[in-house]
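Pasted below: final01.txt, compact mmCIF, C-alpha atoms.
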# COMPACT_ATOMS: atom_id res chain seq x y z
CA MET A 176 -52.78 -1.85 -8.89
CA PHE A 177 -52.56 -5.58 -9.64
CA ASP A 178 -54.72 -6.38 -12.69
CA ILE A 179 -55.49 -10.12 -12.64
CA GLU A 180 -57.07 -10.10 -16.07
CA ARG A 181 -54.08 -8.34 -17.61
CA TRP A 182 -51.61 -10.87 -16.19
CA GLN A 183 -53.89 -13.74 -17.26
CA GLU A 184 -53.68 -12.40 -20.80
CA ILE A 185 -49.90 -12.32 -20.58
CA PHE A 186 -49.74 -15.95 -19.46
CA ASP A 187 -52.14 -16.95 -22.25
CA THR A 188 -49.92 -15.23 -24.81
CA ILE A 189 -46.81 -16.93 -23.41
CA ARG A 190 -48.48 -20.32 -23.64
CA LYS A 191 -49.39 -19.70 -27.27
CA ASN A 192 -45.83 -18.66 -28.10
CA LYS A 193 -44.08 -20.85 -25.55
CA LEU A 194 -41.21 -21.99 -27.79
CA ARG A 195 -40.37 -18.49 -29.03
CA THR A 196 -40.79 -17.08 -25.53
CA PHE A 197 -38.59 -19.79 -24.04
CA LEU A 198 -35.80 -19.20 -26.57
CA THR A 199 -35.98 -15.43 -26.10
CA GLY A 200 -35.96 -15.77 -22.32
CA LEU A 201 -33.05 -18.19 -22.54
CA SER A 202 -31.11 -15.67 -24.62
CA VAL A 203 -31.76 -12.90 -22.07
CA ALA A 204 -30.94 -15.15 -19.10
CA SER A 205 -27.75 -16.40 -20.74
CA GLY A 206 -26.70 -12.81 -21.40
CA ILE A 207 -26.96 -11.91 -17.71
CA PHE A 208 -25.38 -15.22 -16.72
CA ILE A 209 -22.40 -14.72 -19.04
CA LEU A 210 -21.92 -11.10 -17.94
CA VAL A 211 -21.97 -11.95 -14.22
CA ILE A 212 -19.62 -14.93 -14.65
CA LEU A 213 -17.20 -12.84 -16.72
CA LEU A 214 -17.25 -10.04 -14.15
CA GLY A 215 -16.63 -12.62 -11.42
CA PHE A 216 -13.74 -14.04 -13.42
CA GLY A 217 -12.31 -10.53 -13.78
CA GLN A 218 -12.54 -9.97 -10.02
CA GLY A 219 -10.92 -13.36 -9.47
CA MET A 220 -7.99 -12.29 -11.63
CA GLN A 221 -7.62 -9.10 -9.59
CA ASN A 222 -7.77 -11.09 -6.33
CA GLY A 223 -5.11 -13.46 -7.65
CA ILE A 224 -2.80 -10.65 -8.69
CA GLU A 225 -3.22 -8.92 -5.33
CA LYS A 226 -2.36 -12.18 -3.57
CA GLU A 227 0.77 -12.66 -5.69
CA PHE A 228 2.04 -9.17 -4.92
CA LYS A 229 1.19 -9.39 -1.22
CA GLN A 230 3.80 -12.12 -0.92
CA ASP A 231 6.41 -9.38 -1.01
CA ALA A 232 6.20 -5.84 0.27
CA THR A 233 4.31 -3.73 -2.25
CA THR A 234 7.18 -1.28 -2.68
CA SER A 235 9.95 -3.89 -2.87
CA ILE A 236 12.79 -3.54 -5.39
CA TRP A 237 15.10 -6.43 -6.23
CA ALA A 238 18.42 -6.35 -8.12
CA TRP A 239 20.51 -9.31 -9.23
CA PRO A 240 23.57 -9.77 -11.48
CA GLU A 241 23.60 -11.54 -14.83
CA THR A 242 25.90 -11.81 -17.85
CA THR A 243 26.72 -8.84 -20.08
CA SER A 244 25.69 -8.95 -23.73
CA LYS A 245 27.62 -5.96 -25.13
CA ALA A 246 31.26 -4.97 -25.29
CA TYR A 247 32.10 -1.84 -23.31
CA LYS A 248 35.32 0.10 -22.64
CA GLY A 249 37.47 -2.68 -24.00
CA LEU A 250 35.68 -5.41 -22.07
CA ASN A 251 34.18 -8.32 -24.01
CA PRO A 252 30.52 -9.36 -23.77
CA GLY A 253 29.69 -12.48 -21.80
CA ARG A 254 31.19 -11.26 -18.51
CA ARG A 255 29.51 -12.72 -15.43
CA ILE A 256 28.76 -9.84 -13.05
CA ARG A 257 29.09 -10.46 -9.31
CA PHE A 258 27.69 -8.22 -6.59
CA LYS A 259 29.86 -7.68 -3.54
CA ASN A 260 29.22 -6.35 -0.05
CA ASN A 261 30.66 -3.02 -1.16
CA ASP A 262 27.91 -2.67 -3.80
CA TYR A 263 25.28 -3.10 -1.12
CA GLU A 264 26.95 -0.74 1.33
CA MET A 265 27.57 2.00 -1.25
CA ALA A 266 24.01 1.80 -2.60
CA GLY A 267 22.70 2.04 0.95
CA ARG A 268 24.70 5.23 1.52
CA LEU A 269 23.87 6.78 -1.86
CA PHE A 270 20.12 6.19 -1.61
CA LYS A 271 19.75 6.34 2.17
CA GLU A 272 16.96 8.94 2.05
CA GLU A 273 14.92 6.87 -0.41
CA ILE A 274 15.13 3.48 1.35
CA GLU A 275 12.82 2.16 4.06
CA TYR A 276 14.30 -1.36 4.51
CA GLU A 277 17.27 -3.06 2.84
CA SER A 278 18.85 -6.49 2.85
CA PRO A 279 21.36 -8.43 0.76
CA ARG A 280 20.85 -12.13 0.15
CA VAL A 281 23.11 -15.08 -0.63
CA PHE A 282 22.19 -18.65 -1.57
CA VAL A 283 23.98 -21.37 0.37
CA ARG A 284 24.54 -24.33 -1.95
CA ASN A 285 26.18 -27.73 -1.79
CA VAL A 286 25.53 -28.31 1.89
CA ASN A 287 24.03 -31.24 3.78
CA ILE A 288 21.19 -30.60 6.26
CA ILE A 289 20.47 -33.20 8.93
CA TYR A 290 17.95 -33.28 11.78
CA GLY A 291 18.41 -36.26 14.03
CA ASN A 292 18.82 -39.17 11.61
CA GLU A 293 16.87 -37.50 8.82
CA ALA A 294 18.48 -35.77 5.84
CA LEU A 295 16.60 -32.63 4.78
CA VAL A 296 16.43 -31.15 1.30
CA TYR A 297 15.57 -27.48 1.65
CA GLY A 298 17.03 -24.24 0.35
CA ILE A 299 19.21 -22.15 2.66
CA GLN A 300 19.57 -18.40 2.27
CA GLY A 301 21.66 -15.89 4.17
CA VAL A 302 19.83 -12.61 4.86
CA SER A 303 19.94 -9.62 7.17
CA SER A 304 17.54 -8.72 9.98
CA GLU A 305 15.40 -6.45 7.73
CA PHE A 306 14.68 -9.13 5.15
CA GLN A 307 11.40 -10.15 6.82
CA PHE A 308 9.94 -6.69 6.09
CA ILE A 309 10.95 -6.91 2.42
CA GLU A 310 9.51 -10.40 1.90
CA GLY A 311 6.42 -9.44 3.86
CA PHE A 312 6.16 -12.63 5.92
CA SER A 313 5.34 -12.95 9.61
CA THR A 314 7.15 -14.83 12.36
CA VAL A 315 4.60 -17.13 13.97
CA GLU A 316 6.93 -18.73 16.54
CA GLY A 317 10.09 -17.44 18.17
CA ARG A 318 11.85 -14.55 16.44
CA PHE A 319 13.63 -13.59 13.26
CA ILE A 320 17.35 -12.98 12.78
CA ASN A 321 18.52 -9.77 14.49
CA TYR A 322 21.53 -7.48 14.23
CA LYS A 323 23.32 -9.22 17.09
CA ASP A 324 23.13 -12.52 15.19
CA GLU A 325 24.80 -10.87 12.19
CA VAL A 326 27.60 -9.26 14.17
CA SER A 327 28.38 -12.41 16.17
CA LEU A 328 28.18 -14.77 13.15
CA GLY A 329 25.39 -16.53 15.04
CA LYS A 330 24.70 -20.18 14.30
CA VAL A 331 20.94 -19.64 14.30
CA ALA A 332 18.23 -20.43 11.75
CA ILE A 333 14.59 -19.62 11.10
CA ILE A 334 12.49 -22.16 9.20
CA GLY A 335 9.28 -22.00 7.18
CA ARG A 336 5.96 -23.31 8.47
CA LYS A 337 5.97 -26.07 5.84
CA ILE A 338 9.29 -27.39 7.19
CA LYS A 339 7.86 -27.36 10.71
CA GLU A 340 4.86 -29.45 9.58
CA ASP A 341 6.97 -31.91 7.58
CA VAL A 342 9.95 -32.39 9.89
CA PHE A 343 9.06 -31.24 13.41
CA SER A 344 5.53 -32.62 13.75
CA LYS A 345 6.55 -34.78 16.74
CA VAL A 346 7.68 -31.85 18.91
CA ASP A 347 5.56 -29.06 20.40
CA THR A 348 7.72 -26.40 18.77
CA PRO A 349 10.87 -26.53 16.65
CA VAL A 350 12.21 -23.43 18.43
CA GLY A 351 15.26 -24.55 20.35
CA GLU A 352 15.81 -27.67 18.23
CA GLN A 353 19.11 -28.04 16.40
CA ILE A 354 19.88 -28.92 12.80
CA ASP A 355 23.25 -29.88 11.37
CA ILE A 356 24.37 -27.95 8.27
CA SER A 357 27.52 -29.53 6.83
CA GLY A 358 28.78 -30.47 10.28
CA ILE A 359 27.90 -27.19 11.99
CA ARG A 360 25.13 -27.03 14.59
CA PHE A 361 22.47 -24.37 14.09
CA THR A 362 19.76 -23.60 16.65
CA ILE A 363 16.28 -22.91 15.31
CA ILE A 364 15.07 -19.59 16.74
CA GLY A 365 11.80 -19.09 14.85
CA VAL A 366 9.15 -20.20 12.35
CA PHE A 367 7.88 -17.91 9.61
CA ASN A 368 4.67 -17.97 7.64
CA GLU A 369 4.43 -17.11 3.91
CA GLN A 370 1.39 -16.85 1.63
CA ASN A 371 3.20 -18.96 -0.95
CA GLU A 372 3.67 -22.45 0.45
CA ARG A 373 6.74 -23.08 -1.72
CA GLU A 374 8.55 -20.23 -0.02
CA GLU A 375 7.87 -21.84 3.36
CA GLU A 376 10.35 -24.56 2.39
CA ARG A 377 13.31 -22.28 3.12
CA ILE A 378 15.78 -21.89 5.93
CA TYR A 379 17.19 -18.46 6.69
CA ILE A 380 20.49 -17.87 8.49
CA PRO A 381 22.45 -14.65 9.16
CA ILE A 382 24.11 -13.39 5.98
CA THR A 383 27.44 -12.92 7.72
CA THR A 384 27.42 -16.57 8.77
CA ALA A 385 26.45 -17.70 5.29
CA GLN A 386 29.29 -15.74 3.69
CA ARG A 387 32.03 -16.48 6.21
CA VAL A 388 31.27 -20.11 7.04
CA PHE A 389 29.87 -21.54 3.79
CA ASN A 390 30.59 -19.32 0.79
CA GLY A 391 34.03 -18.13 1.82
CA ASP A 392 33.74 -14.68 0.16
CA ASP A 393 31.64 -11.53 0.13
CA THR A 394 29.64 -12.30 -3.01
CA LEU A 395 25.91 -11.46 -2.95
CA ASN A 396 23.15 -12.97 -5.06
CA THR A 397 20.56 -10.20 -4.72
CA LEU A 398 20.09 -6.74 -3.28
CA SER A 399 16.60 -6.02 -1.97
CA TYR A 400 14.90 -2.84 -0.79
CA THR A 401 11.56 -1.36 0.14
CA LEU A 402 10.64 2.28 -0.35
CA PRO A 403 8.70 4.49 2.09
CA PRO A 404 4.90 4.57 1.62
CA VAL A 405 3.46 7.53 -0.28
CA GLU A 406 -0.01 9.04 -0.64
CA ASN A 407 -1.29 7.43 -3.83
CA PHE A 408 -0.61 4.61 -6.26
CA GLU A 409 0.68 6.72 -9.16
CA GLU A 410 3.16 8.51 -6.89
CA ALA A 411 4.34 5.15 -5.55
CA VAL A 412 4.89 3.88 -9.10
CA ALA A 413 6.85 7.03 -10.03
CA GLN A 414 8.98 6.66 -6.89
CA ALA A 415 9.69 3.01 -7.67
CA ILE A 416 10.67 3.73 -11.28
CA SER A 417 13.00 6.55 -10.22
CA PHE A 418 14.74 4.43 -7.57
CA LYS A 419 14.95 1.44 -9.93
CA ASP A 420 16.61 3.52 -12.67
CA ASN A 421 19.04 5.18 -10.25
CA LEU A 422 20.04 1.86 -8.68
CA ARG A 423 20.52 0.20 -12.07
CA ASN A 424 22.60 3.09 -13.37
CA TYR A 425 24.81 2.99 -10.28
CA LEU A 426 25.37 -0.77 -10.52
CA LYS A 427 26.13 -0.56 -14.26
CA GLU A 428 28.66 2.19 -13.73
CA GLU A 429 30.23 0.34 -10.81
CA HIS A 430 30.66 -2.84 -12.87
CA THR A 431 31.54 -1.17 -16.17
CA ILE A 432 28.45 -2.26 -18.06
CA ALA A 433 27.30 -0.49 -21.21
CA PRO A 434 24.34 1.86 -20.50
CA GLN A 435 22.31 0.22 -23.29
CA ASP A 436 23.08 -3.32 -22.07
CA ASP A 437 19.99 -4.67 -20.29
CA SER A 438 21.53 -8.07 -19.54
CA GLY A 439 24.33 -7.27 -17.09
CA VAL A 440 22.13 -6.14 -14.19
CA ARG A 441 18.44 -6.81 -13.64
CA VAL A 442 16.29 -4.66 -11.39
CA TRP A 443 12.67 -5.62 -10.65
CA SER A 444 10.03 -3.38 -9.07
CA ALA A 445 6.91 -4.88 -7.46
CA MET A 446 5.05 -1.60 -7.80
CA GLU A 447 5.82 -1.29 -11.50
CA GLU A 448 4.74 -4.88 -12.12
CA ALA A 449 1.57 -4.29 -10.09
CA LYS A 450 0.66 -1.34 -12.31
CA ARG A 451 1.18 -3.44 -15.43
CA TYR A 452 -0.93 -6.33 -14.15
CA TYR A 453 -3.68 -4.07 -12.83
CA GLY A 454 -3.77 -2.40 -16.24
CA ILE A 455 -4.18 -5.80 -17.89
CA THR A 456 -6.94 -6.68 -15.40
CA GLY A 457 -8.73 -3.41 -16.12
CA ASN A 458 -8.62 -4.06 -19.86
CA MET A 459 -9.87 -7.61 -19.33
CA LYS A 460 -12.80 -6.30 -17.31
CA LEU A 461 -13.69 -3.86 -20.09
CA PHE A 462 -13.56 -6.73 -22.58
CA PHE A 463 -15.77 -8.86 -20.34
CA TRP A 464 -18.27 -6.01 -20.07
CA PHE A 465 -18.26 -5.67 -23.86
CA VAL A 466 -18.91 -9.39 -24.42
CA GLY A 467 -21.62 -9.51 -21.76
CA VAL A 468 -23.38 -6.37 -22.98
CA CYS A 469 -23.33 -7.63 -26.57
CA THR A 470 -24.94 -10.88 -25.39
CA ILE A 471 -27.60 -8.93 -23.49
CA ILE A 472 -28.29 -6.74 -26.51
CA ALA A 473 -28.86 -9.88 -28.56
CA GLY A 474 -31.42 -10.98 -25.96
CA VAL A 475 -33.14 -7.59 -25.96
CA VAL A 476 -33.36 -7.69 -29.76
CA GLY A 477 -34.97 -11.12 -29.38
CA VAL A 478 -37.55 -9.62 -27.00
CA SER A 479 -38.34 -6.91 -29.56
CA ASN A 480 -38.74 -9.48 -32.32
CA ILE A 481 -41.08 -11.72 -30.32
CA MET A 482 -43.19 -8.70 -29.40
CA LEU A 483 -43.48 -7.84 -33.11
CA ILE A 484 -44.71 -11.39 -33.73
CA VAL A 485 -47.15 -11.10 -30.83
CA VAL A 486 -48.53 -7.86 -32.24
CA LYS A 487 -48.96 -9.41 -35.67
CA GLU A 488 -50.73 -12.47 -34.26
CA ARG A 489 -53.02 -10.34 -32.10
CA THR A 490 -53.88 -7.75 -34.72
CA ARG A 491 -57.59 -8.77 -34.85
CA GLU A 492 -57.78 -8.80 -31.04
CA ILE A 493 -56.22 -5.36 -30.86
CA GLY A 494 -58.68 -4.07 -33.44
CA ILE A 495 -61.63 -5.42 -31.44
CA ARG A 496 -60.28 -3.79 -28.28
CA LYS A 497 -59.99 -0.47 -30.04
CA ALA A 498 -63.47 -0.84 -31.50
CA LEU A 499 -64.77 -1.35 -27.96
CA GLY A 500 -63.10 1.88 -26.86
CA ALA A 501 -59.63 0.84 -25.72
CA LYS A 502 -57.26 3.82 -25.62
CA PRO A 503 -53.90 3.69 -27.50
CA TRP A 504 -51.96 3.80 -24.24
CA SER A 505 -53.85 0.80 -22.87
CA ILE A 506 -52.78 -1.13 -25.99
CA VAL A 507 -49.19 0.06 -25.46
CA GLY A 508 -49.35 -1.00 -21.81
CA MET A 509 -50.66 -4.44 -22.74
CA ILE A 510 -47.68 -5.14 -25.01
CA LEU A 511 -45.15 -3.54 -22.64
CA HIS A 512 -46.38 -5.73 -19.78
CA GLU A 513 -45.46 -8.81 -21.77
CA SER A 514 -42.06 -7.39 -22.75
CA ILE A 515 -41.23 -6.43 -19.17
CA PHE A 516 -42.44 -9.79 -17.86
CA VAL A 517 -40.24 -11.83 -20.21
CA THR A 518 -37.20 -9.60 -19.61
CA ALA A 519 -37.57 -9.48 -15.83
CA ILE A 520 -38.16 -13.20 -15.31
CA SER A 521 -35.28 -14.13 -17.63
CA GLY A 522 -32.93 -11.50 -16.21
CA PHE A 523 -33.50 -12.47 -12.58
CA ALA A 524 -33.21 -16.17 -13.46
CA GLY A 525 -29.81 -15.55 -15.05
CA LEU A 526 -28.76 -13.38 -12.07
CA ILE A 527 -29.80 -15.91 -9.41
CA PHE A 528 -28.18 -18.84 -11.21
CA SER A 529 -24.88 -17.02 -11.85
CA MET A 530 -24.64 -15.53 -8.33
CA THR A 531 -25.41 -18.93 -6.79
CA LEU A 532 -22.72 -20.57 -8.92
CA LEU A 533 -20.13 -17.96 -7.90
CA GLU A 534 -21.09 -18.25 -4.21
CA VAL A 535 -20.81 -22.04 -4.23
CA VAL A 536 -17.83 -22.57 -6.52
CA GLY A 537 -15.95 -19.26 -6.22
CA PRO A 538 -14.40 -19.74 -2.74
CA HIS A 539 -12.90 -23.06 -3.87
CA VAL A 540 -11.21 -21.60 -6.97
CA GLU A 541 -7.56 -20.84 -6.27
CA ILE A 542 -5.20 -21.20 -9.19
CA ASP A 543 -2.38 -19.01 -10.49
CA TYR A 544 -3.61 -15.42 -10.73
CA ILE A 545 -7.27 -16.40 -10.21
CA VAL A 546 -8.58 -16.51 -6.64
CA ASN A 547 -12.21 -16.56 -5.42
CA PRO A 548 -14.04 -15.14 -8.46
CA SER A 549 -16.95 -13.03 -7.22
CA VAL A 550 -19.05 -10.06 -8.23
CA ASN A 551 -20.63 -7.19 -6.35
CA PHE A 552 -24.36 -7.95 -5.99
CA ASN A 553 -25.31 -4.28 -6.39
CA VAL A 554 -23.51 -4.15 -9.74
CA ALA A 555 -25.19 -7.34 -10.94
CA PHE A 556 -28.63 -6.22 -9.71
CA SER A 557 -28.20 -2.82 -11.37
CA THR A 558 -27.35 -4.61 -14.60
CA VAL A 559 -30.64 -6.52 -14.43
CA MET A 560 -32.52 -3.27 -13.82
CA VAL A 561 -30.86 -1.76 -16.88
CA LEU A 562 -31.79 -4.91 -18.80
CA ILE A 563 -35.45 -4.57 -17.81
CA PHE A 564 -35.39 -0.92 -18.87
CA ALA A 565 -33.82 -1.95 -22.18
CA GLY A 566 -36.49 -4.63 -22.55
CA THR A 567 -39.14 -1.99 -21.98
CA LEU A 568 -37.65 0.15 -24.73
CA ALA A 569 -37.37 -2.92 -26.97
CA GLY A 570 -41.07 -3.61 -26.49
CA PHE A 571 -42.13 -0.01 -27.01
CA VAL A 572 -41.73 -0.04 -30.81
CA PRO A 573 -44.01 -3.09 -31.26
CA ALA A 574 -46.38 -1.62 -28.66
CA TRP A 575 -46.57 1.69 -30.47
CA ARG A 576 -47.14 -0.16 -33.73
CA ALA A 577 -50.02 -2.01 -32.08
CA ALA A 578 -51.51 1.26 -30.86
CA LYS A 579 -51.45 2.60 -34.45
CA VAL A 580 -53.41 -0.36 -35.83
CA GLN A 581 -56.50 0.80 -37.74
CA VAL A 582 -59.71 -0.86 -36.56
CA ILE A 583 -61.03 -1.60 -40.07
CA GLU A 584 -57.70 -3.01 -41.26
CA SER A 585 -57.29 -5.15 -38.18
CA LEU A 586 -60.75 -6.69 -38.47
CA ARG A 587 -59.97 -7.64 -42.06
CA ASP A 588 -56.72 -9.31 -40.97
CA GLU A 589 -56.56 -13.03 -41.68
Would it be possible to restate this file's structure as structure tokens?
Amino acid sequence: MFDIERWQEIFDTIRKNKLRTFLTGLSVASGIFILVILLGFGQGMQNGIEKEFKQDATTSIWAWPETTSKAYKGLNPGRRIRFKNNDYEMAGRLFKEEIEYESPRVFVRNVNIIYGNEALVYGIQGVSSEFQFIEGFSTVEGRFINYKDEVSLGKVAIIGRKIKEDVFSKVDTPVGEQIDISGIRFTIIGVFNEQNEREEERIYIPITTAQRVFNGDDTLNTLSYTLPPVENFEEAVAQAISFKDNLRNYLKEEHTIAPQDDSGVRVWSAMEEAKRYYGITGNMKLFFWFVGVCTIIAGVVGVSNIMLIVVKERTREIGIRKALGAKPWSIVGMILHESIFVTAISGFAGLIFSMTLLEVVGPHVEIDYIVNPSVNFNVAFSTVMVLIFAGTLAGFVPAWRAAKVQVIESLRDE
């Protein structure tokens, strides 16, 4: 039942102690505000990490050669390792049952690209037909390289969406247009779309064409694979680690690299990196919770302190009430009403302000590893409910102290 007189008393008390009440409320509101913003920041980090890893297939594994750092079997350190087609073919046969998609890759360098009268400065890579599934991009116009293009040394190319926008804005579609790569005509057969705009500034051609026409040998820059999907995340991580170790061991043995030399061959696993980053995100969220909860506790302690002051200042009033027959629990309820009021108003103010800020600003935040910071409303609302409960407990001790006030002593109070 709504007691007008009781709430009028609460407002009167707040007016009398307006500075202390304001500071206490500000502390509580800032606690909720900080907690919600930190949780939103944590979710933004998770969104950013997910976006980064979605650029490639989740189960992708990449291997590339580097320079050895240790002597081994009479060979000096500092050897530059080079992958060949045979490495790719042998690995494909050895690990056939573990691989979903596979593709080698070569970088085509020192070439001139011309479209019409315009010189283009974009990276060219030679890949196989399965590379699109490893990179995780989609073909938005035309098609991707296929097996027939590889076998026939096709003079075909697929370009990124960014190249289409920058170079082919005057035509309806770049599919069918021709570009000149060091004097050789290539027909554009498709346009691909990537989540990372920088990777849309690439041109892909068949790997056989890249090796035979431009590089003149069978050297490869990277070997890339995806693994079959499994039931859960931990199993996927274990599968990725096993394949990564087996592939690295094979390549080291094939190129006579010391087992303890980590510099000759590098193998990177998206799934393993995802686990590491998600672990960091989880720890950050725990830290954010800790900071936010500590701030809220400080606010709750402030509520308890102001209620103690209120009780002290209203000792004579409490004594008069008791002399007129007020029950202890009515005194307790009077103090608790004030505690709950301050906590609830401050908590919801902090919640509304922080949620509004995240809703307005969050969608526009998109920097490295932080995308659209947001927080689940149910989690934030539940936090405020816990805060109000904590505020009730914080006000109970002063309330109980008020209920224990002796009538004679209170009437003597100055």
- Message: For A:Lys427, find every residue with an atom within 10 Å (counting all atoms listed in the file), except residues of its own chain fewer than 3 positions away, and show them as a PyMOL selection string.
- Response: chain A and resi 240+256+421-424+430-437+439-441
- Students should find that atom CA of A:Gly566 and atom CA of A:Leu213 are spaced 21.8 Å
- Task: Can you work out which one of A:Gly537, A:Gly365, A:Pro279, A:Gly525 has the shortest atom-to-atom distance to A:Ile309, counting only C-alpha atoms?
- Result: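 The answer is A:Pro279, which sits nearest to A:Ile309.
Residue nearest A:Ala473 within the list A:Ile207, A:Ala266, A:Ala411, A:Pro252: A:Ile207 [criterion: smallest interatomic distance, all atoms listed in the file].
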- Task: Using atom CA of A:Ile334 and atom CA of A:Ile382 as the two end points, give the distance in Å to one decimal.
- Result: 14.9 Å
- Counting all atoms listed in the file, figure out which residue out of A:Ser327, A:Thr348, A:Thr397, A:Gln218 gets nearest to A:Ser278.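 Closest to A:Ser278, using all atoms listed in the file: A:Thr397.
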- Given the choices A:Ile299, A:Leu532, A:Phe343, A:Phe258, which gets closest to A:Glu241 if the distance is worked out from all atoms listed in the file?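 Under the stated criterion, the closest residue is A:Phe258.
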- Message: At a cut-off of 12 Å, using all atoms listed in the file, what residues contact A:Tyr263? Leave out same-chain residues fewer than 6 positions from it and give the result as a list in words.
- Response: Trp237, Ala238, Trp239, Arg257, Leu269, Phe270, Lys271, Glu277, Ser278, Pro279, Arg280, Ser303, Asp393, Thr394, Leu395, Asn396, Thr397, Leu398, Ser399, Tyr400, Leu422, Tyr425, Leu426 and Glu429 of chain A
- Coordinates-based distance that separates atom CA of A:Val326 from atom CA of A:Tyr297 (Å, one decimal):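 The value is 25.2 Å.
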- Message: Given all atoms listed in the file as the basis, pick out the residue of A:Phe308, A:Tyr322, A:Phe389, A:Phe282 nearest to A:Arg377.
- Response: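 Distance minimum relative to A:Arg377 lands on A:Phe282.
Taking all atoms listed in the file into account, A:Ala565 lies nearest to A:Val203 out of the set A:Val203, A:Ala385, A:Val466, A:Ile333.
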Please list as an mmCIF file with C-alpha atoms, in the coordinates of the input every residue within 10 Å of A:Asp324, counting all atoms listed in the file and excluding residues in the same chain fewer than 3 positions away.
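What ended up in around_35.cif:
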data_model
loop_
_atom_site.group_PDB
_atom_site.id
_atom_site.type_symbol
_atom_site.label_atom_id
_atom_site.label_comp_id
_atom_site.auth_asym_id
_atom_site.auth_seq_id
_atom_site.Cartn_x
_atom_site.Cartn_y
_atom_site.Cartn_z
ATOM 1 C CA SER A 303 19.940 -9.620 7.170
ATOM 2 C CA SER A 304 17.540 -8.720 9.980
ATOM 3 C CA PHE A 319 13.630 -13.590 13.260
ATOM 4 C CA ILE A 320 17.350 -12.980 12.780
ATOM 5 C CA ASN A 321 18.520 -9.770 14.490
ATOM 6 C CA SER A 327 28.380 -12.410 16.170
ATOM 7 C CA LEU A 328 28.180 -14.770 13.150
ATOM 8 C CA GLY A 329 25.390 -16.530 15.040
ATOM 9 C CA LYS A 330 24.700 -20.180 14.300
ATOM 10 C CA VAL A 331 20.940 -19.640 14.300
ATOM 11 C CA ALA A 332 18.230 -20.430 11.750
ATOM 12 C CA ILE A 380 20.490 -17.870 8.490
ATOM 13 C CA PRO A 381 22.450 -14.650 9.160
ATOM 14 C CA ILE A 382 24.110 -13.390 5.980
ATOM 15 C CA THR A 383 27.440 -12.920 7.720
ATOM 16 C CA THR A 384 27.420 -16.570 8.770
#
- Item | Contact residues around A:Ser357 with only C-alpha atoms at 10 Å, ignoring same-chain residues under 6 positions, as a list in words |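 What passes the distance filter is Asn285, Val286, Asn287, Ile288, Ile289 and Phe389 of chain A.
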- Message: Residues within 10 Å of A:Pro538, please, as number ranges by chain. Count all atoms listed in the file; anything in the same chain fewer than 2 positions from it doesn't count.
- Response: A: 219, 533-536, 540-541, 546-549
